[in-house]
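Engineer: Got a file for you: start.txt, compact mmCIF, C-alpha atoms and all ligand atoms.
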# COMPACT_ATOMS: atom_id res chain seq x y z
CA MET A 1 -11.25 26.45 14.64
CA ALA A 2 -11.51 23.51 12.23
CA THR A 3 -11.05 24.41 8.60
CA ILE A 4 -13.89 23.63 6.24
CA PRO A 5 -12.66 21.22 3.55
CA ARG A 6 -12.89 22.60 0.04
CA ALA A 7 -15.17 20.60 -2.25
CA THR A 8 -12.19 19.77 -4.45
CA GLN A 9 -10.73 17.67 -1.65
CA PHE A 10 -13.47 15.10 -2.13
CA ALA A 11 -13.20 12.42 -4.79
CA ALA A 12 -15.24 13.20 -7.90
CA ARG A 13 -17.24 10.00 -7.33
CA THR A 14 -18.91 11.54 -4.29
CA SER A 15 -20.29 14.52 -6.17
CA ARG A 16 -23.20 12.57 -7.63
CA LEU A 17 -24.33 10.92 -4.45
CA ARG A 18 -27.97 11.85 -4.00
CA ALA A 19 -29.67 11.69 -0.67
CA SER A 20 -32.14 8.87 -0.94
CA THR A 21 -35.67 10.27 -0.83
CA ILE A 22 -36.54 7.04 0.90
CA ARG A 23 -33.99 7.37 3.71
CA GLU A 24 -34.90 11.01 4.18
CA MET A 25 -38.54 10.10 4.33
CA LEU A 26 -37.94 7.31 6.82
CA LYS A 27 -36.95 10.06 9.26
CA VAL A 28 -40.44 11.60 8.92
CA THR A 29 -42.09 8.21 9.28
CA GLN A 30 -40.53 7.67 12.70
CA ARG A 31 -43.33 9.95 13.95
CA PRO A 32 -46.08 7.68 15.26
CA ASP A 33 -49.00 9.63 13.74
CA VAL A 34 -47.66 9.37 10.17
CA ILE A 35 -48.97 6.48 8.06
CA SER A 36 -46.24 5.27 5.76
CA PHE A 37 -46.60 3.46 2.46
CA GLY A 38 -43.09 4.71 1.81
CA GLY A 39 -40.40 2.50 3.30
CA GLY A 40 -39.59 -0.93 1.93
CA LEU A 41 -39.78 -2.47 5.36
CA PRO A 42 -40.84 -6.04 6.09
CA ALA A 43 -43.51 -6.44 8.77
CA PRO A 44 -41.54 -6.41 12.05
CA GLU A 45 -44.22 -8.34 13.95
CA LEU A 46 -43.38 -11.34 11.73
CA PHE A 47 -39.68 -11.41 12.58
CA PRO A 48 -38.74 -14.71 14.26
CA THR A 49 -37.47 -12.90 17.34
CA MET A 50 -37.73 -15.69 19.90
CA GLU A 51 -36.36 -18.31 17.51
CA ILE A 52 -33.36 -16.08 16.75
CA ALA A 53 -32.77 -15.62 20.50
CA ASP A 54 -32.78 -19.40 21.05
CA ILE A 55 -30.56 -20.06 18.06
CA THR A 56 -28.06 -17.41 19.17
CA ARG A 57 -27.76 -19.07 22.55
CA ARG A 58 -27.29 -22.46 20.91
CA ILE A 59 -24.68 -21.09 18.48
CA MET A 60 -22.68 -19.65 21.34
CA SER A 61 -22.62 -22.94 23.19
CA GLU A 62 -22.02 -25.09 20.08
CA TYR A 63 -19.55 -22.94 18.16
CA GLY A 64 -18.43 -20.49 20.85
CA ALA A 65 -15.37 -18.58 19.77
CA ALA A 66 -15.62 -19.63 16.09
CA ALA A 67 -18.80 -17.55 15.74
CA LEU A 68 -16.95 -14.54 17.16
CA GLN A 69 -13.70 -15.08 15.24
CA TYR A 70 -12.69 -13.80 11.78
CA SER A 71 -13.76 -16.12 9.02
CA VAL A 72 -13.18 -16.47 5.26
CA THR A 73 -14.28 -13.70 2.89
CA GLU A 74 -16.46 -16.00 0.77
CA GLY A 75 -18.75 -16.82 3.72
CA ILE A 76 -19.01 -19.68 6.21
CA PRO A 77 -19.36 -23.11 4.52
CA GLU A 78 -22.76 -23.70 6.15
CA MET A 79 -24.18 -20.59 4.46
CA ARG A 80 -22.63 -21.24 1.05
CA SER A 81 -23.93 -24.78 0.89
CA TRP A 82 -27.38 -23.78 2.16
CA VAL A 83 -27.71 -21.16 -0.61
CA ALA A 84 -26.62 -23.68 -3.26
CA ARG A 85 -29.06 -26.27 -1.90
CA ARG A 86 -32.04 -23.93 -1.57
CA LEU A 87 -31.65 -22.42 -5.04
CA GLY A 88 -31.09 -25.90 -6.45
CA ARG A 89 -34.33 -27.09 -4.92
CA ARG A 90 -36.36 -23.99 -5.82
CA PHE A 91 -35.19 -23.85 -9.40
CA GLY A 92 -34.27 -27.45 -10.21
CA VAL A 93 -30.80 -26.32 -11.29
CA HIS A 94 -27.51 -27.50 -9.80
CA PHE A 95 -25.29 -24.94 -8.01
CA GLU A 96 -21.92 -25.51 -6.34
CA PRO A 97 -21.24 -23.85 -2.95
CA GLU A 98 -18.06 -22.49 -4.58
CA SER A 99 -20.27 -20.30 -6.81
CA VAL A 100 -21.74 -18.53 -3.76
CA LEU A 101 -20.37 -15.39 -2.10
CA ILE A 102 -22.02 -14.23 1.13
CA THR A 103 -22.37 -10.44 1.24
CA ASN A 104 -23.37 -7.89 3.84
CA GLY A 105 -26.84 -7.39 2.37
CA SER A 106 -27.53 -7.37 -1.35
CA GLN A 107 -26.80 -3.68 -1.20
CA GLN A 108 -23.15 -4.55 -0.67
CA GLY A 109 -23.40 -6.98 -3.58
CA LEU A 110 -24.50 -4.10 -5.81
CA ASP A 111 -21.57 -1.99 -4.64
CA LEU A 112 -19.10 -4.83 -5.28
CA ILE A 113 -20.54 -5.35 -8.76
CA GLY A 114 -20.07 -1.65 -9.45
CA LYS A 115 -16.54 -1.85 -8.09
CA ILE A 116 -15.37 -4.72 -10.28
CA PHE A 117 -17.06 -3.66 -13.53
CA LEU A 118 -17.33 0.12 -13.67
CA ASP A 119 -14.87 2.81 -14.67
CA PRO A 120 -16.09 6.43 -14.64
CA GLY A 121 -18.48 7.08 -17.52
CA ASP A 122 -19.20 3.41 -18.24
CA HIS A 123 -22.70 2.49 -19.36
CA VAL A 124 -25.09 0.36 -17.32
CA VAL A 125 -28.41 -0.85 -18.72
CA LEU A 126 -31.40 -0.46 -16.40
CA GLU A 127 -35.13 -1.02 -16.46
CA ASN A 128 -37.08 2.21 -16.42
CA PRO A 129 -37.98 2.65 -13.54
CA SER A 130 -35.36 0.73 -11.56
CA TYR A 131 -34.33 0.03 -7.94
CA LEU A 132 -33.07 3.27 -6.41
CA GLY A 133 -30.45 1.53 -4.26
CA ALA A 134 -28.85 0.09 -7.41
CA ILE A 135 -28.78 3.52 -9.04
CA GLN A 136 -27.13 4.91 -5.90
CA ALA A 137 -24.56 2.10 -5.83
CA PHE A 138 -23.64 2.54 -9.50
CA ASP A 139 -23.69 6.35 -9.19
CA SER A 140 -20.74 6.14 -6.83
CA TYR A 141 -18.73 4.53 -9.65
CA GLN A 142 -19.81 7.36 -11.96
CA ALA A 143 -21.89 5.15 -14.24
CA ARG A 144 -24.04 6.47 -17.10
CA TYR A 145 -27.38 4.85 -17.75
CA LEU A 146 -29.08 3.43 -20.78
CA THR A 147 -32.71 2.62 -20.15
CA VAL A 148 -34.77 -0.16 -21.62
CA ASP A 149 -38.54 0.11 -22.03
CA THR A 150 -40.62 -1.93 -19.63
CA ASP A 151 -44.31 -2.72 -19.44
CA ASP A 152 -46.48 -4.76 -17.07
CA ASP A 153 -44.46 -7.86 -18.02
CA GLY A 154 -41.08 -6.32 -17.20
CA MET A 155 -38.18 -5.55 -19.51
CA ILE A 156 -39.06 -5.70 -23.22
CA PRO A 157 -36.51 -7.88 -25.06
CA SER A 158 -36.78 -6.01 -28.38
CA SER A 159 -36.02 -2.75 -26.58
CA LEU A 160 -32.97 -4.34 -24.90
CA GLU A 161 -31.81 -5.56 -28.30
CA GLN A 162 -32.18 -2.04 -29.72
CA VAL A 163 -30.27 -0.47 -26.83
CA LEU A 164 -27.38 -2.93 -27.08
CA ALA A 165 -27.25 -2.74 -30.89
CA HIS A 166 -26.77 1.05 -30.73
CA ALA A 167 -24.67 1.36 -27.57
CA GLU A 168 -21.20 2.73 -28.18
CA PRO A 169 -19.24 1.54 -26.28
CA LEU A 170 -21.11 -1.54 -25.08
CA PRO A 171 -22.46 -1.30 -21.54
CA LYS A 172 -20.66 -3.15 -18.74
CA PHE A 173 -23.77 -4.99 -17.62
CA VAL A 174 -27.56 -5.18 -17.65
CA TYR A 175 -29.28 -4.97 -14.24
CA LEU A 176 -32.84 -6.12 -13.58
CA VAL A 177 -35.17 -7.31 -10.82
CA PRO A 178 -37.09 -10.27 -12.28
CA ASN A 179 -39.76 -10.85 -9.61
CA PHE A 180 -42.12 -8.32 -7.94
CA ALA A 181 -39.70 -5.54 -8.71
CA ASN A 182 -38.88 -2.57 -6.58
CA PRO A 183 -40.53 -0.11 -7.25
CA THR A 184 -43.22 -1.48 -9.60
CA GLY A 185 -44.11 -4.92 -8.25
CA ARG A 186 -43.84 -6.16 -11.85
CA THR A 187 -42.59 -9.62 -12.80
CA LEU A 188 -40.62 -10.44 -15.92
CA ALA A 189 -42.85 -12.69 -18.04
CA ALA A 190 -41.68 -16.30 -18.44
CA GLU A 191 -41.45 -16.02 -22.23
CA ARG A 192 -39.19 -12.96 -22.00
CA ARG A 193 -36.58 -14.61 -19.79
CA GLU A 194 -34.62 -16.74 -22.23
CA PRO A 195 -34.63 -14.03 -24.96
CA ILE A 196 -33.05 -11.59 -22.48
CA VAL A 197 -30.37 -14.12 -21.55
CA ARG A 198 -29.67 -14.80 -25.24
CA ILE A 199 -29.45 -11.10 -26.14
CA CYS A 200 -26.92 -10.50 -23.34
CA GLU A 201 -25.01 -13.61 -24.42
CA HIS A 202 -24.95 -12.43 -28.03
CA TYR A 203 -23.47 -9.06 -27.10
CA GLY A 204 -21.18 -10.49 -24.39
CA VAL A 205 -22.73 -8.26 -21.71
CA PRO A 206 -23.05 -9.66 -18.15
CA LEU A 207 -26.53 -9.86 -16.70
CA ILE A 208 -27.28 -9.02 -13.06
CA GLU A 209 -30.42 -10.72 -11.73
CA ASP A 210 -31.36 -9.16 -8.39
CA ASP A 211 -34.04 -11.30 -6.76
CA PRO A 212 -34.86 -10.26 -3.18
CA TYR A 213 -38.61 -10.87 -3.56
CA GLY A 214 -38.84 -14.13 -5.52
CA GLU A 215 -39.73 -16.19 -2.44
CA LEU A 216 -42.66 -13.89 -1.64
CA ARG A 217 -45.04 -15.18 -4.29
CA PHE A 218 -48.67 -15.26 -3.07
CA GLU A 219 -50.32 -16.55 -6.22
CA GLY A 220 -49.55 -17.60 -9.77
CA ARG A 221 -46.55 -19.68 -10.85
CA ASP A 222 -42.83 -19.11 -10.48
CA SER A 223 -40.83 -18.62 -13.66
CA GLY A 224 -37.31 -20.01 -13.71
CA PRO A 225 -34.41 -17.69 -12.91
CA LEU A 226 -32.26 -16.17 -15.65
CA ILE A 227 -29.22 -17.91 -14.16
CA GLY A 228 -30.97 -21.22 -14.85
CA TYR A 229 -30.36 -21.07 -18.62
CA ARG A 230 -27.27 -22.67 -20.11
CA THR A 231 -25.30 -19.79 -21.53
CA GLU A 232 -21.83 -18.77 -22.61
CA GLY A 233 -22.58 -15.41 -21.00
CA VAL A 234 -22.03 -14.27 -17.42
CA VAL A 235 -25.09 -14.17 -15.16
CA LEU A 236 -24.83 -12.97 -11.55
CA TYR A 237 -27.79 -13.93 -9.38
CA MET A 238 -28.40 -12.03 -6.13
CA GLY A 239 -30.57 -13.16 -3.23
CA THR A 240 -31.01 -11.95 0.33
CA GLY A 241 -32.22 -13.05 3.74
CA SER A 242 -33.69 -9.59 4.36
CA LYS A 243 -37.25 -10.40 3.25
CA ILE A 244 -37.52 -14.02 4.38
CA VAL A 245 -35.78 -13.75 7.78
CA ALA A 246 -34.73 -10.21 8.81
CA PRO A 247 -32.83 -7.35 7.19
CA GLY A 248 -30.94 -6.52 10.40
CA LEU A 249 -28.82 -9.66 10.01
CA ARG A 250 -27.43 -8.29 6.71
CA VAL A 251 -26.97 -11.75 5.20
CA ALA A 252 -27.26 -11.97 1.42
CA TRP A 253 -25.60 -13.78 -1.48
CA ILE A 254 -24.27 -13.47 -5.00
CA VAL A 255 -24.17 -16.60 -7.13
CA VAL A 256 -21.91 -16.64 -10.17
CA ARG A 257 -20.39 -19.57 -12.01
CA ASN A 258 -17.63 -17.58 -13.68
CA GLN A 259 -14.49 -18.03 -11.59
CA GLU A 260 -12.75 -14.86 -12.66
CA VAL A 261 -15.78 -12.76 -11.71
CA MET A 262 -15.97 -14.58 -8.36
CA GLU A 263 -12.28 -13.98 -7.64
CA ARG A 264 -12.59 -10.28 -8.28
CA LEU A 265 -15.70 -9.98 -6.16
CA VAL A 266 -13.96 -11.79 -3.30
CA LEU A 267 -10.84 -9.62 -3.51
CA SER A 268 -12.96 -6.47 -3.61
CA LYS A 269 -15.00 -7.59 -0.63
CA GLN A 270 -11.79 -8.37 1.25
CA ALA A 271 -10.72 -4.76 0.79
CA VAL A 272 -14.09 -3.45 1.98
CA ASP A 273 -14.90 -5.48 5.10
CA LEU A 274 -12.86 -8.73 5.09
CA GLN A 275 -16.06 -10.74 5.52
CA THR A 276 -19.74 -10.63 6.45
CA GLY A 277 -20.18 -10.87 10.24
CA SER A 278 -19.50 -14.43 11.45
CA LEU A 279 -22.15 -14.38 14.17
CA ALA A 280 -24.86 -13.14 11.81
CA GLN A 281 -24.00 -15.91 9.33
CA TYR A 282 -24.05 -18.64 11.98
CA VAL A 283 -27.37 -17.39 13.35
CA PHE A 284 -28.90 -17.12 9.88
CA ALA A 285 -27.65 -20.60 8.96
CA GLY A 286 -29.03 -21.91 12.28
CA PHE A 287 -32.49 -20.57 11.41
CA VAL A 288 -32.69 -21.68 7.81
CA GLU A 289 -31.12 -25.16 8.19
CA ASN A 290 -34.46 -26.46 9.43
CA ASP A 291 -36.39 -26.61 6.14
CA ALA A 292 -39.77 -27.14 7.75
CA MET A 293 -39.35 -24.20 10.12
CA LEU A 294 -38.21 -21.90 7.31
CA GLU A 295 -41.04 -22.98 5.04
CA GLN A 296 -43.62 -22.39 7.73
CA HIS A 297 -42.16 -18.97 8.45
CA VAL A 298 -42.13 -17.89 4.79
CA GLN A 299 -45.70 -19.13 4.37
CA VAL A 300 -46.87 -16.87 7.19
CA ILE A 301 -45.14 -13.88 5.54
CA ARG A 302 -46.79 -14.72 2.19
CA ARG A 303 -50.21 -15.06 3.76
CA VAL A 304 -50.03 -11.76 5.66
CA TYR A 305 -48.58 -9.80 2.72
CA LYS A 306 -51.20 -11.23 0.39
CA GLN A 307 -53.98 -10.04 2.71
CA ARG A 308 -52.40 -6.61 2.91
CA ARG A 309 -51.91 -6.41 -0.86
CA SER A 310 -55.54 -7.37 -1.44
CA TYR A 311 -56.79 -4.91 1.13
CA MET A 312 -54.72 -2.10 -0.35
CA LEU A 313 -56.23 -2.87 -3.76
CA GLU A 314 -59.70 -2.78 -2.26
CA CYS A 315 -59.00 0.64 -0.70
CA LEU A 316 -57.53 1.98 -3.95
CA ARG A 317 -60.55 0.83 -5.95
CA GLU A 318 -62.96 2.31 -3.47
CA LEU A 319 -61.25 5.57 -2.60
CA MET A 320 -59.10 6.80 -5.48
CA PRO A 321 -60.43 8.87 -8.39
CA SER A 322 -60.69 6.97 -11.67
CA TYR A 323 -57.59 8.64 -13.13
CA VAL A 324 -55.36 6.83 -10.61
CA ARG A 325 -54.21 3.54 -12.17
CA PHE A 326 -52.59 0.75 -10.20
CA ASN A 327 -51.33 -2.77 -10.81
CA ARG A 328 -51.92 -6.04 -8.97
CA PRO A 329 -48.61 -7.69 -8.10
CA GLU A 330 -48.70 -11.43 -7.39
CA GLY A 331 -46.09 -11.12 -4.66
CA GLY A 332 -43.46 -8.94 -3.04
CA MET A 333 -43.99 -5.79 -1.01
CA PHE A 334 -44.94 -2.99 -3.42
CA LEU A 335 -47.55 -1.93 -5.87
CA TRP A 336 -47.25 0.84 -8.41
CA ALA A 337 -49.81 3.56 -9.00
CA THR A 338 -49.82 6.35 -11.56
CA VAL A 339 -51.89 9.52 -11.66
CA GLU A 340 -53.05 9.88 -15.24
CA ARG A 341 -53.46 13.65 -15.36
CA PRO A 342 -51.30 15.77 -17.67
CA GLY A 343 -48.37 17.29 -15.78
CA PHE A 344 -49.24 15.62 -12.48
CA ASP A 345 -46.19 15.54 -10.21
CA THR A 346 -46.15 13.05 -7.35
CA GLU A 347 -43.28 14.88 -5.62
CA ALA A 348 -45.59 17.85 -5.17
CA LEU A 349 -48.28 15.39 -4.08
CA LEU A 350 -45.95 14.00 -1.41
CA ARG A 351 -45.63 17.43 0.19
CA VAL A 352 -49.42 17.76 0.43
CA ALA A 353 -49.78 14.16 1.58
CA ALA A 354 -47.05 14.47 4.23
CA ALA A 355 -48.88 17.49 5.68
CA GLN A 356 -51.89 15.17 6.00
CA LYS A 357 -49.66 12.56 7.62
CA VAL A 358 -49.41 9.94 4.93
CA VAL A 359 -46.30 9.25 2.85
CA PHE A 360 -45.23 7.17 -0.17
CA VAL A 361 -42.23 7.29 -2.50
CA PRO A 362 -42.63 9.50 -5.59
CA GLY A 363 -41.83 7.53 -8.74
CA VAL A 364 -39.34 10.03 -10.14
CA SER A 365 -36.65 8.77 -7.72
CA PHE A 366 -36.58 5.45 -9.56
CA TYR A 367 -36.09 6.80 -13.07
CA PRO A 368 -32.36 7.04 -13.81
CA HIS A 369 -32.94 10.21 -15.84
CA ARG A 370 -35.52 11.58 -13.36
CA ASP A 371 -37.89 12.34 -16.21
CA VAL A 372 -41.22 10.68 -15.32
CA HIS A 373 -43.29 12.29 -12.59
CA SER A 374 -46.63 10.49 -12.44
CA GLY A 375 -45.74 7.34 -10.43
CA MET A 376 -46.00 6.35 -6.77
CA ARG A 377 -44.50 3.35 -5.05
CA LEU A 378 -46.88 2.04 -2.41
CA ASN A 379 -45.59 -0.42 0.18
CA PHE A 380 -48.21 -2.77 1.60
CA SER A 381 -46.11 -5.13 3.76
CA ASN A 382 -45.58 -2.78 6.66
CA THR A 383 -49.09 -1.40 7.32
CA LYS A 384 -51.83 -3.27 9.11
CA GLU A 385 -55.30 -3.25 7.55
CA GLU A 386 -56.93 -1.07 10.20
CA VAL A 387 -54.39 1.71 9.54
CA MET A 388 -54.20 1.18 5.79
CA ARG A 389 -57.70 2.46 5.08
CA ARG A 390 -57.09 5.69 6.99
CA GLY A 391 -53.85 6.22 5.09
CA MET A 392 -55.56 5.60 1.75
CA GLU A 393 -58.34 8.05 2.61
CA ARG A 394 -55.76 10.73 3.33
CA LEU A 395 -53.83 9.92 0.17
CA ALA A 396 -56.97 9.99 -2.01
CA ASP A 397 -57.88 13.40 -0.53
CA ALA A 398 -54.38 14.67 -1.30
CA VAL A 399 -54.61 13.42 -4.92
CA ARG A 400 -57.96 15.21 -5.39
CA ALA A 401 -56.60 18.38 -3.80
CA GLN A 402 -53.69 18.34 -6.26
CA SER A 403 -55.86 17.71 -9.35
CA PRO A 404 -57.63 20.65 -10.94
CA GLY A 405 -61.34 19.86 -10.84
CA GLY A 406 -60.77 17.17 -8.12
C1 LIG A 501 -34.29 -4.79 -5.60
C2 LIG A 501 -33.53 -4.72 -4.32
N1 LIG A 501 -32.24 -5.09 -4.31
C3 LIG A 501 -31.51 -5.07 -3.19
C4 LIG A 501 -32.05 -4.64 -2.00
C5 LIG A 501 -31.17 -4.59 -0.77
O1 LIG A 501 -31.44 -5.63 0.10
P1 LIG A 501 -30.53 -6.01 1.32
O2 LIG A 501 -31.34 -5.78 2.54
O3 LIG A 501 -30.18 -7.45 1.12
O4 LIG A 501 -29.30 -5.14 1.28
C6 LIG A 501 -33.39 -4.24 -1.94
C7 LIG A 501 -33.98 -3.77 -0.69
O5 LIG A 501 -35.05 -3.26 -0.59
C8 LIG A 501 -34.14 -4.29 -3.14
O6 LIG A 501 -35.44 -3.92 -3.18
Give the structure from the file, written as structure tokens.
Structural biologist:
Amino acid sequence: MATIPRATQFAARTSRLRASTIREMLKVTQRPDVISFGGGLPAPELFPTMEIADITRRIMSEYGAAALQYSVTEGIPEMRSWVARRLGRRFGVHFEPESVLITNGSQQGLDLIGKIFLDPGDHVVLENPSYLGAIQAFDSYQARYLTVDTDDDGMIPSSLEQVLAHAEPLPKFVYLVPNFANPTGRTLAAERREPIVRICEHYGVPLIEDDPYGELRFEGRDSGPLIGYRTEGVVLYMGTGSKIVAPGLRVAWIVVRNQEVMERLVLSKQAVDLQTGSLAQYVFAGFVENDAMLEQHVQVIRRVYKQRRSYMLECLRELMPSYVRFNRPEGGMFLWATVERPGFDTEALLRVAAAQKVVFVPGVSFYPHRDVHSGMRLNFSNTKEEVMRRGMERLADAVRAQSPGG
């Protein structure tokens, strides 16, 4: 009979790993009769399936064995220069391909960042609420969290200043999602961007700008990226192909101009997986190299997500009681709702809602200190309009059932 390992045989870093509510919930949502506003999934019907099939065939005949061989840790040259070019064009800022590291999803980027910066007990500064996957990645390096106040315009610079001025010791980095954040859909206001860069520069704290949703803007104007400011400080920009092409390819990137940071990231990645899959990189590069095709594809995604966002807002306005507040993101995949009733707990709501076959992610999962219970993350990208209304009706019923007096 196999012996059961004693808990002490595991590394201490594994003791804090929390099962992601989202992953657990995705299991429930596999059932066809459940309507899910929970996952952060792109709309699968928009994946460029046939194009990817054609490109894969072409890659095999053009590159053959090279696409199946080991490659360099930093990423294939075609990918690194495409990232530098695309960001350069989007932001009007020059980037060198040498500043780009291709990672196996941005999630790996977050892990590598944790690996190179964090010793057990180190402080990390987060928005409140923040992306759960980042909290999970930093948890495994036994980080402690300092939270900065946020409002509808994202992180509040004066609150960041306060946190850094009183932090002892100084945190290892500040992490934020500047555009259409996960979970709130909020965007960091243009006038807050430079002050945040300057505060981090002043305290010598690296800034991590995680931007998976920036290309999914449906309306309004883009603000420049934090990495676009001239600074003595270290800024790491993260982007991903998951939302503009397909998450299954696992192709993403970190851009950092500081060579020492880049070297450590590369060495750490080498130890983890040697490199991001060669075939996936060639296929991704094959799809995105055609600017017109990529642009057309992203425009379709924006159009469909915008319709779904607007329809979800319409349903919320029509169906929810007046004490449910929600925002109106100008892009991305999520909106954020709060139930403004004293003591209301959206985890308890989820249990009632799941019994009525509709799910969402309770906000508490995204608060590093798990201390705010009134929020819900609602995903609109992955539900068609005809199903959305039914889901919202069920959710509104569940909210009323959970609220004394309805
Ligand atoms: C803010 C944020 N960062 C990173 C990721 C991970 O993306 P990837 O698929 O590139 O690993 C996600 C995915 O939802 C996200 O929302």
Engineer: Pick from A:Asp397, A:Glu295, A:Glu330, A:Asp273: nearest to Arg90 (chain A), with only C-alpha atoms counted?
Structural biologist: A:Glu295
Engineer: Please, which residues have at least one atom within 8 Å of an atom of ligand LIG 501 (chain A), using only C-alpha atoms and all ligand atoms, listed as JSON, numbers by chain?
Structural biologist: {"A": [40, 41, 104, 105, 106, 107, 108, 109, 110, 131, 133, 134, 177, 181, 182, 183, 210, 211, 212, 213, 239, 240, 241, 242, 243, 247, 248, 250, 251, 252]}
Engineer: Dump as an mmCIF file with C-alpha atoms, keeping the file's coordinate frame all residues having an atom at most 10 Å from (-21.6, 5.3, -16.2), computed in the file's coordinates with only C-alpha atoms.
Structural biologist:
data_model
loop_
_atom_site.group_PDB
_atom_site.id
_atom_site.type_symbol
_atom_site.label_atom_id
_atom_site.label_comp_id
_atom_site.auth_asym_id
_atom_site.auth_seq_id
_atom_site.Cartn_x
_atom_site.Cartn_y
_atom_site.Cartn_z
ATOM 1 C CA GLY A 114 -20.070 -1.650 -9.450
ATOM 2 C CA LEU A 118 -17.330 0.120 -13.670
ATOM 3 C CA ASP A 119 -14.870 2.810 -14.670
ATOM 4 C CA PRO A 120 -16.090 6.430 -14.640
ATOM 5 C CA GLY A 121 -18.480 7.080 -17.520
ATOM 6 C CA ASP A 122 -19.200 3.410 -18.240
ATOM 7 C CA HIS A 123 -22.700 2.490 -19.360
ATOM 8 C CA VAL A 124 -25.090 0.360 -17.320
ATOM 9 C CA VAL A 125 -28.410 -0.850 -18.720
ATOM 10 C CA PHE A 138 -23.640 2.540 -9.500
ATOM 11 C CA ASP A 139 -23.690 6.350 -9.190
ATOM 12 C CA SER A 140 -20.740 6.140 -6.830
ATOM 13 C CA TYR A 141 -18.730 4.530 -9.650
ATOM 14 C CA GLN A 142 -19.810 7.360 -11.960
ATOM 15 C CA ALA A 143 -21.890 5.150 -14.240
ATOM 16 C CA ARG A 144 -24.040 6.470 -17.100
ATOM 17 C CA TYR A 145 -27.380 4.850 -17.750
ATOM 18 C CA LEU A 146 -29.080 3.430 -20.780
ATOM 19 C CA PRO A 171 -22.460 -1.300 -21.540
ATOM 20 C CA LYS A 172 -20.660 -3.150 -18.740
#
Engineer: If we count all atoms listed in the file, what is near Pro321 (chain A) at a cut-off of 12 Å, once residues fewer than 4 positions away on the same chain are taken out, given as a list in words?
Structural biologist: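 Near Pro321 (chain A), the qualifying residues are Cys315, Leu316, Arg317, Arg325, Phe326, Ala337, Thr338, Val339, Glu340, Arg341, Met392, Glu393, Leu395, Ala396, Asp397, Ala398, Val399, Arg400, Ala401, Gln402, Ser403, Gly405 and Gly406 of chain A.
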Engineer: Choose the residue, out of A:Cys200, A:Val256, A:Val364, A:Ala353, that has the smallest atom-to-atom separation from Val163 (chain A); count all atoms listed in the file.
Structural biologist: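 Of A:Cys200, A:Val256, A:Val364, A:Ala353, the one nearest Val163 (chain A) is A:Cys200, counting all atoms listed in the file.
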Engineer: Give me the box for region 225-244 of chain A as lines of an AutoDock Vina configuration file, namely the centre and edge lengths in Å to one decimal of a box along x, y and z that holds every listed atom plus 8 Å on each side.
Structural biologist:
center_x = -29.7
center_y = -16.1
center_z = -9.1
size_x = 31.7
size_y = 29.1
size_z = 43.0
Engineer: Name the residues in contact with Trp336 (chain A) at a cut-off of 12 Å, using all atoms listed in the file, excluding same-chain residues fewer than 2 positions from it; report them as a CSV table (one decimal) with C-alpha atoms, in the coordinates of the input.
Structural biologist:
chain,number,residue,atom,x,y,z
A,37,PHE,CA,-46.6,3.5,2.5
A,38,GLY,CA,-43.1,4.7,1.8
A,129,PRO,CA,-38.0,2.6,-13.5
A,151,ASP,CA,-44.3,-2.7,-19.4
A,152,ASP,CA,-46.5,-4.8,-17.1
A,180,PHE,CA,-42.1,-8.3,-7.9
A,181,ALA,CA,-39.7,-5.5,-8.7
A,182,ASN,CA,-38.9,-2.6,-6.6
A,183,PRO,CA,-40.5,-0.1,-7.2
A,184,THR,CA,-43.2,-1.5,-9.6
A,185,GLY,CA,-44.1,-4.9,-8.2
A,186,ARG,CA,-43.8,-6.2,-11.8
A,309,ARG,CA,-51.9,-6.4,-0.9
A,312,MET,CA,-54.7,-2.1,-0.4
A,313,LEU,CA,-56.2,-2.9,-3.8
A,316,LEU,CA,-57.5,2.0,-4.0
A,324,VAL,CA,-55.4,6.8,-10.6
A,325,ARG,CA,-54.2,3.5,-12.2
A,326,PHE,CA,-52.6,0.8,-10.2
A,327,ASN,CA,-51.3,-2.8,-10.8
A,328,ARG,CA,-51.9,-6.0,-9.0
A,329,PRO,CA,-48.6,-7.7,-8.1
A,332,GLY,CA,-43.5,-8.9,-3.0
A,333,MET,CA,-44.0,-5.8,-1.0
A,334,PHE,CA,-44.9,-3.0,-3.4
A,338,THR,CA,-49.8,6.4,-11.6
A,339,VAL,CA,-51.9,9.5,-11.7
A,360,PHE,CA,-45.2,7.2,-0.2
A,361,VAL,CA,-42.2,7.3,-2.5
A,362,PRO,CA,-42.6,9.5,-5.6
A,363,GLY,CA,-41.8,7.5,-8.7
A,366,PHE,CA,-36.6,5.4,-9.6
A,374,SER,CA,-46.6,10.5,-12.4
A,375,GLY,CA,-45.7,7.3,-10.4
A,376,MET,CA,-46.0,6.4,-6.8
A,377,ARG,CA,-44.5,3.4,-5.0
A,378,LEU,CA,-46.9,2.0,-2.4
A,379,ASN,CA,-45.6,-0.4,0.2
A,380,PHE,CA,-48.2,-2.8,1.6
Engineer: Figure out the distance between CA of Ala285 (chain A) and CA of Ala65 (chain A), please, to one decimal in Å.
Structural biologist: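 That distance, rounded to one decimal, is 16.5 Å.
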Engineer: Please measure the separation of CA of Glu386 (chain A) and CA of Ala354 (chain A), giving the value in Å to one decimal.
Structural biologist: 19.4 Å
Engineer: Hey, can you check how far CA of Tyr237 (chain A) sits from CA of Val255 (chain A)?
Structural biologist: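 Straight-line distance from CA of Tyr237 (chain A) to CA of Val255 (chain A) works out to 5.0 Å.
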Engineer: Can you tell me, as a list of chain:residue names, what residues are no more than 12 Å from Pro48 (chain A) when counting all atoms listed in the file, ignoring any on the same chain fewer than 3 positions away?
Structural biologist: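 That gives A:Ala43, A:Pro44, A:Glu45, A:Glu51, A:Ile52, A:Ala53, A:Asp54, A:Ile55, A:Lys243, A:Ile244, A:Val245, A:Ala246, A:Pro247, A:Gly248, A:Leu249, A:Val283, A:Phe284, A:Phe287, A:Val288, A:Met293, A:Leu294, A:Gln296, A:His297, A:Val298, A:Val300, A:Ile301.
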